[in-house]
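Trainee: For reference, the file structure-v3.cif (mmCIF, C-alpha atoms) is included below:
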data_my_file
loop_
_atom_site.label_atom_id
_atom_site.label_comp_id
_atom_site.auth_asym_id
_atom_site.auth_seq_id
_atom_site.Cartn_x
_atom_site.Cartn_y
_atom_site.Cartn_z
CA MET A 1240 2.71 15.51 33.99
CA LYS A 1241 1.30 12.13 32.99
CA SER A 1242 0.95 11.52 29.29
CA VAL A 1243 -2.55 10.94 27.94
CA GLN A 1244 -3.08 7.33 26.90
CA ARG A 1245 -4.23 7.11 23.31
CA SER A 1246 -7.68 5.75 22.50
CA TYR A 1247 -8.42 3.31 19.69
CA GLU A 1248 -10.08 6.13 17.75
CA ASN A 1249 -6.73 7.96 17.69
CA PHE A 1250 -5.16 5.00 15.85
CA ALA A 1251 -8.00 4.68 13.32
CA ALA A 1252 -8.20 8.43 12.73
CA VAL A 1253 -4.99 8.52 10.65
CA PRO A 1254 -5.97 6.14 7.81
CA SER A 1255 -9.56 7.38 7.95
CA THR A 1256 -8.43 11.01 7.53
CA VAL A 1257 -6.14 10.19 4.60
CA PHE A 1258 -8.98 8.39 2.81
CA ARG A 1259 -11.17 11.45 3.26
CA LEU A 1260 -8.75 13.34 0.99
CA MET A 1261 -10.57 11.58 -1.86
CA GLY A 1262 -13.99 11.82 -0.20
CA TYR A 1263 -14.14 8.20 1.00
CA ASN A 1264 -15.41 7.62 4.53
CA VAL A 1265 -14.52 4.01 5.30
CA LEU A 1266 -16.07 3.91 8.77
CA ASP A 1267 -19.29 5.82 7.98
CA ALA A 1268 -18.79 8.28 10.84
CA PRO A 1269 -22.23 9.00 12.35
CA ASP A 1270 -21.30 12.50 13.51
CA GLU A 1271 -21.21 13.92 9.97
CA THR A 1272 -23.98 16.20 8.84
CA ARG A 1273 -26.11 15.26 5.85
CA THR A 1274 -24.71 18.16 3.82
CA ARG A 1275 -21.09 17.21 4.56
CA ARG A 1276 -21.79 13.58 3.67
CA LEU A 1277 -23.33 14.68 0.36
CA VAL A 1278 -20.38 16.95 -0.47
CA MET A 1279 -17.89 14.20 0.32
CA TRP A 1280 -19.85 11.70 -1.79
CA LEU A 1281 -19.92 14.16 -4.71
CA TYR A 1282 -16.19 14.85 -4.42
CA ARG A 1283 -15.43 11.13 -4.33
CA TRP A 1284 -17.62 10.60 -7.41
CA ILE A 1285 -15.71 13.36 -9.28
CA CYS A 1286 -12.35 11.82 -8.30
CA THR A 1287 -13.47 8.37 -9.46
CA CYS A 1288 -14.86 9.67 -12.77
CA SER A 1289 -11.67 11.66 -13.42
CA HIS A 1290 -9.63 8.53 -12.76
CA VAL A 1291 -11.77 6.50 -15.19
CA VAL A 1292 -11.45 9.17 -17.89
CA CYS A 1293 -7.65 9.37 -17.49
CA VAL A 1294 -7.20 5.60 -17.53
CA GLY A 1295 -9.44 5.46 -20.61
CA PHE A 1296 -7.24 8.02 -22.39
CA MET A 1297 -4.12 6.10 -21.34
CA ILE A 1298 -5.47 2.86 -22.85
CA PHE A 1299 -6.55 4.72 -26.01
CA ARG A 1300 -3.05 6.18 -26.53
CA MET A 1301 -1.48 2.75 -25.99
CA LEU A 1302 -3.77 1.19 -28.59
CA GLU A 1303 -3.31 4.12 -30.96
CA MET A 1304 0.52 3.95 -30.63
CA THR A 1305 1.11 6.96 -32.90
CA THR A 1306 1.97 9.31 -30.00
CA ILE A 1307 4.32 6.88 -28.23
CA ASP A 1308 7.40 7.55 -30.31
CA SER A 1309 10.38 7.37 -27.94
CA VAL A 1310 12.00 5.06 -25.40
CA SER A 1311 11.36 7.51 -22.56
CA LEU A 1312 7.63 7.59 -23.39
CA ILE A 1313 7.47 3.77 -23.46
CA ILE A 1314 9.11 3.66 -20.04
CA ARG A 1315 6.79 6.35 -18.72
CA TYR A 1316 3.69 4.51 -19.95
CA ALA A 1317 5.00 1.32 -18.35
CA THR A 1318 5.36 3.23 -15.07
CA LEU A 1319 1.85 4.63 -15.32
CA VAL A 1320 0.30 1.25 -16.12
CA THR A 1321 1.96 -0.50 -13.17
CA TYR A 1322 1.09 2.34 -10.77
CA VAL A 1323 -2.54 2.35 -11.94
CA ILE A 1324 -2.75 -1.42 -11.38
CA ASN A 1325 -1.15 -1.02 -7.95
CA SER A 1326 -3.46 1.78 -6.81
CA ASP A 1327 -6.62 0.25 -8.29
CA THR A 1328 -5.90 -3.07 -6.59
CA LYS A 1329 -5.59 -1.27 -3.26
CA HIS A 1330 -8.71 0.77 -4.02
CA ALA A 1331 -10.64 -2.47 -4.64
CA THR A 1332 -9.32 -3.75 -1.30
CA ALA A 1333 -10.54 -0.62 0.47
CA MET A 1334 -13.98 -1.13 -1.09
CA GLN A 1335 -14.41 -4.14 1.24
CA ARG A 1336 -15.99 -1.69 3.65
CA VAL A 1337 -18.06 -4.25 5.57
CA SER A 1338 -15.03 -6.48 6.22
CA ILE A 1339 -12.85 -3.52 7.24
CA GLN A 1340 -15.54 -2.17 9.56
CA SER A 1341 -16.02 -5.63 11.10
CA LEU A 1342 -12.28 -6.07 11.81
CA ASN A 1343 -12.09 -2.49 13.08
CA ARG A 1344 -15.00 -3.13 15.46
CA LYS A 1345 -13.44 -6.36 16.79
CA LEU A 1346 -10.12 -4.65 17.48
CA ALA A 1347 -11.88 -1.66 19.07
CA ASP A 1348 -13.74 -4.03 21.43
CA LEU A 1349 -10.46 -5.74 22.34
CA TYR A 1350 -8.67 -2.44 22.97
CA PRO A 1351 -7.97 -1.69 26.69
CA LYS A 1352 -10.61 0.64 28.10
CA SER A 1353 -9.23 2.12 31.32
CA ALA A 1354 -6.19 4.38 31.62
CA ILE A 1355 -4.45 1.80 33.84
CA GLN A 1356 -4.98 -0.94 31.27
CA ARG A 1357 -3.75 1.29 28.45
CA ALA A 1358 -0.64 2.13 30.45
CA TYR A 1359 0.03 -1.59 30.97
CA TYR A 1360 -0.48 -2.28 27.26
CA ARG A 1361 1.87 0.66 26.51
CA VAL A 1362 -0.49 1.91 23.85
CA ASN A 1363 1.42 5.17 23.36
CA GLU A 1364 4.54 3.22 22.37
CA HIS A 1365 2.55 1.60 19.57
CA TYR A 1366 0.94 4.84 18.38
CA TRP A 1367 1.98 6.44 15.10
CA SER A 1368 5.35 8.09 15.68
CA ARG A 1369 6.08 11.63 14.56
CA SER A 1370 8.62 10.36 12.05
CA PHE A 1371 6.00 8.00 10.62
CA LEU A 1372 3.43 10.78 10.29
CA ALA A 1373 6.10 12.98 8.70
CA MET A 1374 6.77 10.20 6.19
CA ILE A 1375 3.06 10.14 5.26
CA PHE A 1376 3.03 13.89 4.67
CA PHE A 1377 6.29 13.59 2.74
CA TYR A 1378 4.87 10.81 0.55
CA ILE A 1379 1.73 12.80 -0.25
CA GLY A 1380 3.82 15.94 -0.78
CA SER A 1381 6.21 14.18 -3.18
CA SER A 1382 3.24 12.81 -5.12
CA ILE A 1383 1.76 16.31 -5.32
CA MET A 1384 5.10 17.61 -6.63
CA VAL A 1385 4.98 15.04 -9.46
CA VAL A 1386 1.66 16.59 -10.55
CA ILE A 1387 2.44 20.27 -10.05
CA GLY A 1388 6.04 19.99 -11.26
CA PRO A 1389 5.13 20.55 -14.94
CA ILE A 1390 3.20 23.74 -14.26
CA LEU A 1391 6.08 25.00 -12.12
CA GLN A 1392 8.42 24.34 -15.06
CA SER A 1393 6.01 26.25 -17.31
CA LEU A 1394 6.03 29.18 -14.89
CA VAL A 1395 9.83 29.14 -14.72
CA ALA A 1396 9.95 29.19 -18.53
CA TYR A 1397 7.49 32.09 -18.54
CA PHE A 1398 9.56 34.22 -16.16
CA THR A 1399 12.93 33.33 -17.68
CA GLN A 1400 12.04 33.04 -21.39
CA GLN A 1401 8.74 34.98 -21.50
CA GLN A 1402 6.99 31.92 -22.88
CA PHE A 1403 4.52 29.72 -21.01
CA THR A 1404 5.09 26.14 -22.21
CA TYR A 1405 1.76 24.62 -21.09
CA GLN A 1406 3.33 21.46 -19.69
CA HIS A 1407 1.21 18.98 -17.76
CA CYS A 1408 1.76 15.71 -15.94
CA TYR A 1409 0.54 12.81 -18.05
CA PRO A 1410 1.51 12.17 -21.69
CA TYR A 1411 -1.85 10.79 -22.84
CA PHE A 1412 -3.40 14.27 -22.97
CA ILE A 1413 -2.19 16.32 -25.94
CA TYR A 1414 -2.72 20.07 -25.74
CA ASN A 1415 -1.92 22.54 -28.51
CA PRO A 1416 -2.09 26.15 -27.21
CA GLU A 1417 -2.21 27.54 -30.77
CA GLN A 1418 -5.36 25.63 -31.68
CA GLN A 1419 -7.15 24.99 -28.38
CA PRO A 1420 -8.50 27.47 -25.79
CA ILE A 1421 -6.92 27.87 -22.36
CA TRP A 1422 -9.88 26.31 -20.55
CA ILE A 1423 -9.03 22.93 -22.11
CA TYR A 1424 -5.57 23.13 -20.54
CA VAL A 1425 -7.14 24.00 -17.18
CA GLY A 1426 -9.58 21.11 -17.57
CA ILE A 1427 -6.74 18.70 -18.39
CA TYR A 1428 -4.81 19.78 -15.31
CA ALA A 1429 -7.91 19.43 -13.10
CA LEU A 1430 -8.48 15.90 -14.45
CA GLU A 1431 -4.85 14.99 -13.82
CA TRP A 1432 -4.96 16.37 -10.28
CA LEU A 1433 -8.10 14.41 -9.35
CA HIS A 1434 -6.79 11.29 -11.11
CA SER A 1435 -3.54 11.53 -9.16
CA THR A 1436 -5.43 12.14 -5.89
CA HIS A 1437 -7.46 8.99 -6.45
CA MET A 1438 -4.34 6.87 -7.09
CA VAL A 1439 -2.09 8.29 -4.36
CA VAL A 1440 -4.72 8.24 -1.61
CA SER A 1441 -5.84 4.70 -2.55
CA ASN A 1442 -2.22 3.59 -2.48
CA ILE A 1443 -1.14 5.03 0.85
CA ALA A 1444 -4.42 4.94 2.81
CA THR A 1445 -5.07 1.23 2.19
CA ASP A 1446 -1.61 0.42 3.52
CA LEU A 1447 -2.30 2.66 6.51
CA TRP A 1448 -5.39 0.61 7.39
CA LEU A 1449 -3.28 -2.54 7.07
CA LEU A 1450 -0.61 -1.09 9.37
CA CYS A 1451 -3.23 0.19 11.84
CA PHE A 1452 -4.74 -3.28 12.23
CA GLN A 1453 -1.35 -5.00 12.31
CA VAL A 1454 -0.07 -2.65 15.02
CA GLN A 1455 -3.11 -3.51 17.17
CA ILE A 1456 -2.53 -7.25 16.83
CA CYS A 1457 1.18 -6.81 17.60
CA MET A 1458 0.31 -4.72 20.66
CA HIS A 1459 -1.88 -7.53 22.06
CA PHE A 1460 0.77 -10.16 21.35
CA SER A 1461 3.37 -8.00 23.11
CA CYS A 1462 1.12 -7.60 26.15
CA MET A 1463 0.49 -11.36 26.26
CA ILE A 1464 4.23 -12.01 26.29
CA ARG A 1465 4.74 -9.52 29.12
CA SER A 1466 1.84 -10.99 31.14
CA LEU A 1467 3.19 -14.54 30.78
CA GLU A 1468 6.71 -13.47 31.77
CA GLU A 1469 5.49 -11.64 34.87
CA TYR A 1470 2.93 -14.16 36.14
CA GLN A 1471 3.90 -16.33 39.12
CA PRO A 1472 1.73 -19.50 39.31
CA ASN A 1473 1.54 -21.57 42.50
CA LEU A 1474 -0.38 -24.56 43.79
CA THR A 1475 -1.94 -22.38 46.50
CA HIS A 1476 -3.99 -20.43 43.93
CA GLU A 1477 -4.54 -23.06 41.29
CA ARG A 1478 -8.02 -21.81 40.30
CA ASP A 1479 -6.74 -18.29 39.59
CA ASP A 1480 -3.80 -19.72 37.66
CA LYS A 1481 -6.08 -21.83 35.44
CA HIS A 1482 -8.39 -18.86 34.86
CA PHE A 1483 -5.45 -16.63 33.90
CA LEU A 1484 -4.01 -19.15 31.46
CA ALA A 1485 -7.40 -20.04 29.99
CA GLN A 1486 -7.79 -16.34 29.15
CA MET A 1487 -4.35 -16.40 27.50
CA VAL A 1488 -5.28 -19.47 25.41
CA ASN A 1489 -8.57 -17.91 24.31
CA LYS A 1490 -6.96 -14.58 23.49
CA HIS A 1491 -4.18 -16.24 21.52
CA GLU A 1492 -6.75 -18.15 19.48
CA TYR A 1493 -8.79 -14.98 18.92
CA LEU A 1494 -5.72 -13.02 17.75
CA VAL A 1495 -4.92 -15.78 15.26
CA LEU A 1496 -8.47 -15.45 13.89
CA LEU A 1497 -8.11 -11.67 13.65
CA GLN A 1498 -4.84 -12.08 11.74
CA ASN A 1499 -6.61 -14.47 9.35
CA ASP A 1500 -9.31 -11.82 8.84
CA LEU A 1501 -6.57 -9.27 8.13
CA ASN A 1502 -4.93 -11.57 5.58
CA GLY A 1503 -8.29 -12.24 3.98
CA ILE A 1504 -8.90 -8.53 3.42
CA PHE A 1505 -5.42 -7.39 2.38
CA GLY A 1506 -3.76 -10.58 1.09
CA GLY A 1507 -4.72 -10.11 -2.57
CA SER A 1508 -3.58 -6.50 -2.74
CA LEU A 1509 -0.34 -7.42 -0.92
CA LEU A 1510 0.56 -10.04 -3.51
CA LEU A 1511 -0.13 -7.79 -6.50
CA SER A 1512 1.37 -4.75 -4.84
CA LEU A 1513 4.70 -6.54 -4.30
CA ILE A 1514 4.88 -7.25 -8.02
CA THR A 1515 3.69 -3.84 -9.23
CA THR A 1516 5.80 -1.90 -6.71
CA ALA A 1517 8.93 -3.63 -8.00
CA ALA A 1518 7.87 -2.80 -11.58
CA VAL A 1519 7.15 0.84 -10.68
CA LEU A 1520 10.55 1.23 -9.00
CA CYS A 1521 12.30 -0.30 -12.05
CA THR A 1522 10.54 1.84 -14.65
CA VAL A 1523 10.72 5.08 -12.64
CA SER A 1524 14.44 4.54 -12.05
CA VAL A 1525 15.07 3.99 -15.76
CA TYR A 1526 12.96 7.05 -16.63
CA VAL A 1527 15.02 9.20 -14.24
CA LEU A 1528 18.26 7.89 -15.78
CA ILE A 1529 17.00 8.79 -19.26
CA GLN A 1530 15.59 12.22 -18.36
CA GLY A 1531 18.34 13.29 -15.98
CA LEU A 1532 18.04 15.20 -12.70
CA ASN A 1533 15.82 18.10 -13.74
CA LEU A 1534 12.88 19.17 -11.57
CA GLU A 1535 10.80 16.23 -12.83
CA GLY A 1536 13.67 13.81 -12.23
CA ILE A 1537 14.21 15.05 -8.66
CA THR A 1538 10.51 14.64 -7.80
CA TYR A 1539 10.61 11.09 -9.16
CA VAL A 1540 13.73 10.30 -7.11
CA VAL A 1541 11.91 11.45 -3.98
CA PHE A 1542 8.91 9.36 -5.04
CA ILE A 1543 11.16 6.27 -5.38
CA GLY A 1544 12.47 6.80 -1.85
CA THR A 1545 9.02 7.15 -0.29
CA SER A 1546 7.71 4.11 -2.21
CA CYS A 1547 10.61 2.01 -0.89
CA MET A 1548 9.89 3.24 2.63
CA GLN A 1549 6.21 2.39 2.25
CA LEU A 1550 7.04 -1.17 1.18
CA PHE A 1551 9.58 -1.51 4.01
CA LEU A 1552 7.05 -0.43 6.65
CA VAL A 1553 4.56 -3.10 5.53
CA CYS A 1554 7.28 -5.78 5.49
CA ASN A 1555 8.67 -4.61 8.86
CA HIS A 1556 5.26 -4.91 10.54
CA GLY A 1557 4.91 -8.36 9.01
CA GLN A 1558 8.26 -9.27 10.60
CA GLN A 1559 7.07 -7.95 13.96
CA VAL A 1560 3.98 -10.16 14.07
CA LEU A 1561 6.14 -13.16 13.07
CA ASP A 1562 8.62 -12.46 15.88
CA LEU A 1563 6.02 -11.69 18.55
CA SER A 1564 3.89 -14.74 17.81
CA ALA A 1565 7.01 -16.91 18.09
CA ASP A 1566 8.08 -15.15 21.31
CA ILE A 1567 4.82 -16.22 22.99
CA GLY A 1568 6.09 -19.81 22.99
CA HIS A 1569 9.40 -18.69 24.52
CA ALA A 1570 7.62 -16.64 27.18
CA ALA A 1571 5.34 -19.58 28.06
CA TYR A 1572 8.29 -21.94 28.41
CA ASN A 1573 10.69 -19.59 30.19
CA HIS A 1574 8.41 -18.11 32.85
CA ASN A 1575 8.27 -19.57 36.37
CA TRP A 1576 5.87 -22.51 35.83
CA HIS A 1577 7.73 -25.00 38.03
CA ASN A 1578 5.48 -24.45 41.07
CA ALA A 1579 2.27 -24.59 39.03
CA SER A 1580 -0.34 -27.34 39.02
CA ILE A 1581 -0.54 -30.11 36.38
CA ALA A 1582 -3.64 -28.50 34.84
CA TYR A 1583 -1.80 -25.18 34.50
CA LYS A 1584 1.11 -26.91 32.77
CA LYS A 1585 -1.29 -28.57 30.31
CA TYR A 1586 -2.79 -25.19 29.39
CA LEU A 1587 0.74 -23.86 29.02
CA LEU A 1588 1.58 -26.71 26.67
CA ILE A 1589 -1.36 -25.73 24.44
CA ILE A 1590 0.08 -22.23 24.05
CA ILE A 1591 3.59 -23.57 23.33
CA ILE A 1592 2.26 -25.98 20.67
CA ARG A 1593 0.18 -23.27 18.99
CA ALA A 1594 3.11 -20.87 19.01
CA GLN A 1595 5.15 -23.36 16.95
CA LYS A 1596 3.12 -22.24 13.95
CA PRO A 1597 3.87 -18.50 13.85
CA VAL A 1598 1.17 -15.99 13.00
CA GLU A 1599 2.09 -14.16 9.81
CA LEU A 1600 1.03 -11.39 7.52
CA SER A 1601 0.51 -13.34 4.33
CA ALA A 1602 0.03 -12.48 0.64
CA MET A 1603 -2.83 -14.91 -0.06
CA GLY A 1604 -0.87 -17.73 1.55
CA TYR A 1605 1.85 -17.64 -1.11
CA MET A 1606 4.49 -15.91 0.99
CA PRO A 1607 4.86 -14.44 4.47
CA ILE A 1608 5.53 -10.70 4.47
CA SER A 1609 8.73 -9.98 6.38
CA ARG A 1610 12.00 -8.09 6.12
CA ASP A 1611 13.33 -10.96 3.99
CA THR A 1612 10.49 -10.24 1.55
CA PHE A 1613 11.66 -6.63 1.32
CA LYS A 1614 15.24 -7.76 0.61
CA GLN A 1615 14.01 -10.12 -2.09
CA MET A 1616 11.88 -7.40 -3.71
CA MET A 1617 14.78 -4.96 -3.72
CA SER A 1618 16.99 -7.65 -5.27
CA VAL A 1619 14.37 -8.36 -7.97
CA THR A 1620 14.00 -4.61 -8.58
CA TYR A 1621 17.76 -4.17 -9.02
CA ARG A 1622 17.98 -7.10 -11.46
CA GLY A 1623 14.98 -5.80 -13.39
CA LEU A 1624 16.52 -2.31 -13.56
CA ALA A 1625 19.80 -3.75 -14.83
CA MET A 1626 17.96 -5.80 -17.48
CA ILE A 1627 15.90 -2.82 -18.72
CA ARG A 1628 19.02 -0.61 -18.92
CA GLN A 1629 20.85 -3.29 -20.90
CA MET A 1630 17.91 -3.63 -23.32
CA ILE A 1631 17.83 0.14 -23.88
CA GLU A 1632 21.58 0.43 -24.37
#
Translate this file's structure into structure tokens.
Mentor:
Amino acid sequence: MKSVQRSYENFAAVPSTVFRLMGYNVLDAPDETRTRRLVMWLYRWICTCSHVVCVGFMIFRMLEMTTIDSVSLIIRYATLVTYVINSDTKHATAMQRVSIQSLNRKLADLYPKSAIQRAYYRVNEHYWSRSFLAMIFFYIGSSIMVVIGPILQSLVAYFTQQQFTYQHCYPYFIYNPEQQPIWIYVGIYALEWLHSTHMVVSNIATDLWLLCFQVQICMHFSCMIRSLEEYQPNLTHERDDKHFLAQMVNKHEYLVLLQNDLNGIFGGSLLLSLITTAAVLCTVSVYVLIQGLNLEGITYVVFIGTSCMQLFLVCNHGQQVLDLSADIGHAAYNHNWHNASIAYKKYLLIIIIRAQKPVELSAMGYMPISRDTFKQMMSVTYRGLAMIRQMIE
């Protein structure tokens, strides 16, 4: 049985669905009913307000300083601050709805339409793999465990020690069960849940849109390379040869423009996210070392692993576009152009010259994002972790 070739909407559905977990519809889907749109807008407004309230309390506690009375709390606040900056930067990036919709529309128009074309482009090979989708669920699940871990510990204490300890996730809310009613504890937990939803979804879904667009550009580069390698020019069909190569030149130029659009949307968040991700990994690692491997520590260890994987995926896709854009020059030079006309060879030279400047996923032009970037960030993270441990000891 032939496999069904994926449509462009299948690619875009993954990041769009994840963003809907916080009520944000990036693409303004026209098929939604008015009631559903209103409910989603209200839910998003509640998530955003909860996030603002929690960040406000966090800043208040940091200015107050009286409740931050241990090294572990200092490290935990440092983790929270860097993660808030990271997620809010990505949230601000995702608010560029017009730019994202414009790039999405351009890539959708460029996507192969017929089943034969999609088979030639090998669209299914570029579709989200099961392991990748499992990683997304695992990331969201590990983030959920960070939030519900405290209440699970309270329940364990209740069944083992007959005493509910009223633990919750974030240290900037202080609850005293002897002086405050239970509904305040429930309200605190609801705020923390919505606050966490806002941060986690903003963090992962923005990167998913980045990966979705980058995969599309890589797919077109890969198809260009294959087309160049397979084409057999000859003087007997010079007009067809020139038409074919003119299309390649135009498409190459258009893909470069699309990559520039991509960098313009995500470049700022990429630069700041590299810095804040390294800081989050450092502070979370130190916090786990201080707290030990209890339930909270285990959930944070899992969170560290998924955060590293998230950063690696972005850097790996940046490496792919670097490699593929460079391979276009090799494909143009190595294919059978010897029997082609002079005009064909001139067009071919244009492609080879343009390919000398590789297309790259860039953090605001300061650095190309590649696997080397990931290695550098891991090295910086390790040195930062060692420095923080030495300061504590």
Trainee: Show which residues sit within 12 Å of range 1310-1321 of chain A, as number ranges by chain. Count only C-alpha atoms, and ignore same-chain residues fewer than 4 positions away.
Mentor: A: 1293-1302, 1304-1306, 1325-1328, 1408-1411, 1434-1435, 1438, 1511-1531, 1539, 1543, 1624, 1627-1628, 1630-1632
Trainee: For a quick check of understanding, using all atoms listed in the file, which of A:Ile1567, A:Cys1288, A:Ala1373, A:Ile1390 has the smallest distance to Ile1464 in chain A?
Mentor: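 Checking each candidate against Ile1464 in chain A, we get A:Ile1567 as the closest.
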Trainee: Hey, can you check how far CA of Gly1262 in chain A sits from CA of Leu1509 in chain A?
Mentor: 23.6 Å
Trainee: What's the 9 Å shell around Ile1339 in chain A, counting all atoms listed in the file, without same-chain residues fewer than 3 positions away, as a list in words?
Mentor: Val1265, Leu1266, Ala1333, Met1334, Gln1335, Arg1336, Leu1342, Asn1343, Arg1344, Trp1448, Leu1501 and Ile1504 of chain A
Trainee: Could you tell me which of A:Val1454, A:Ile1591, A:Val1619, A:Val1541 comes closest to Asn1555 in chain A if we count all atoms listed in the file?
Mentor: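 Closest to Asn1555 in chain A, using all atoms listed in the file: A:Val1454.
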Trainee: Assuming the chain letters and numbering stay as they are in my file, what does the PyMOL selection byres ((chain A and resi 1386) around 8) actually select? List them as JSON, numbers by chain.
Mentor: {"A": [1382, 1383, 1384, 1385, 1387, 1388, 1389, 1407, 1408, 1431, 1432, 1435]}
Trainee: Neighbours of Met1374 in chain A within 12 Å (only C-alpha atoms; same-chain residues fewer than 3 positions away dropped), as an MDAnalysis selection string?
Mentor: chainID A and resid 1367:1371 1377:1381 1443 1447 1541:1542 1544:1549 1552
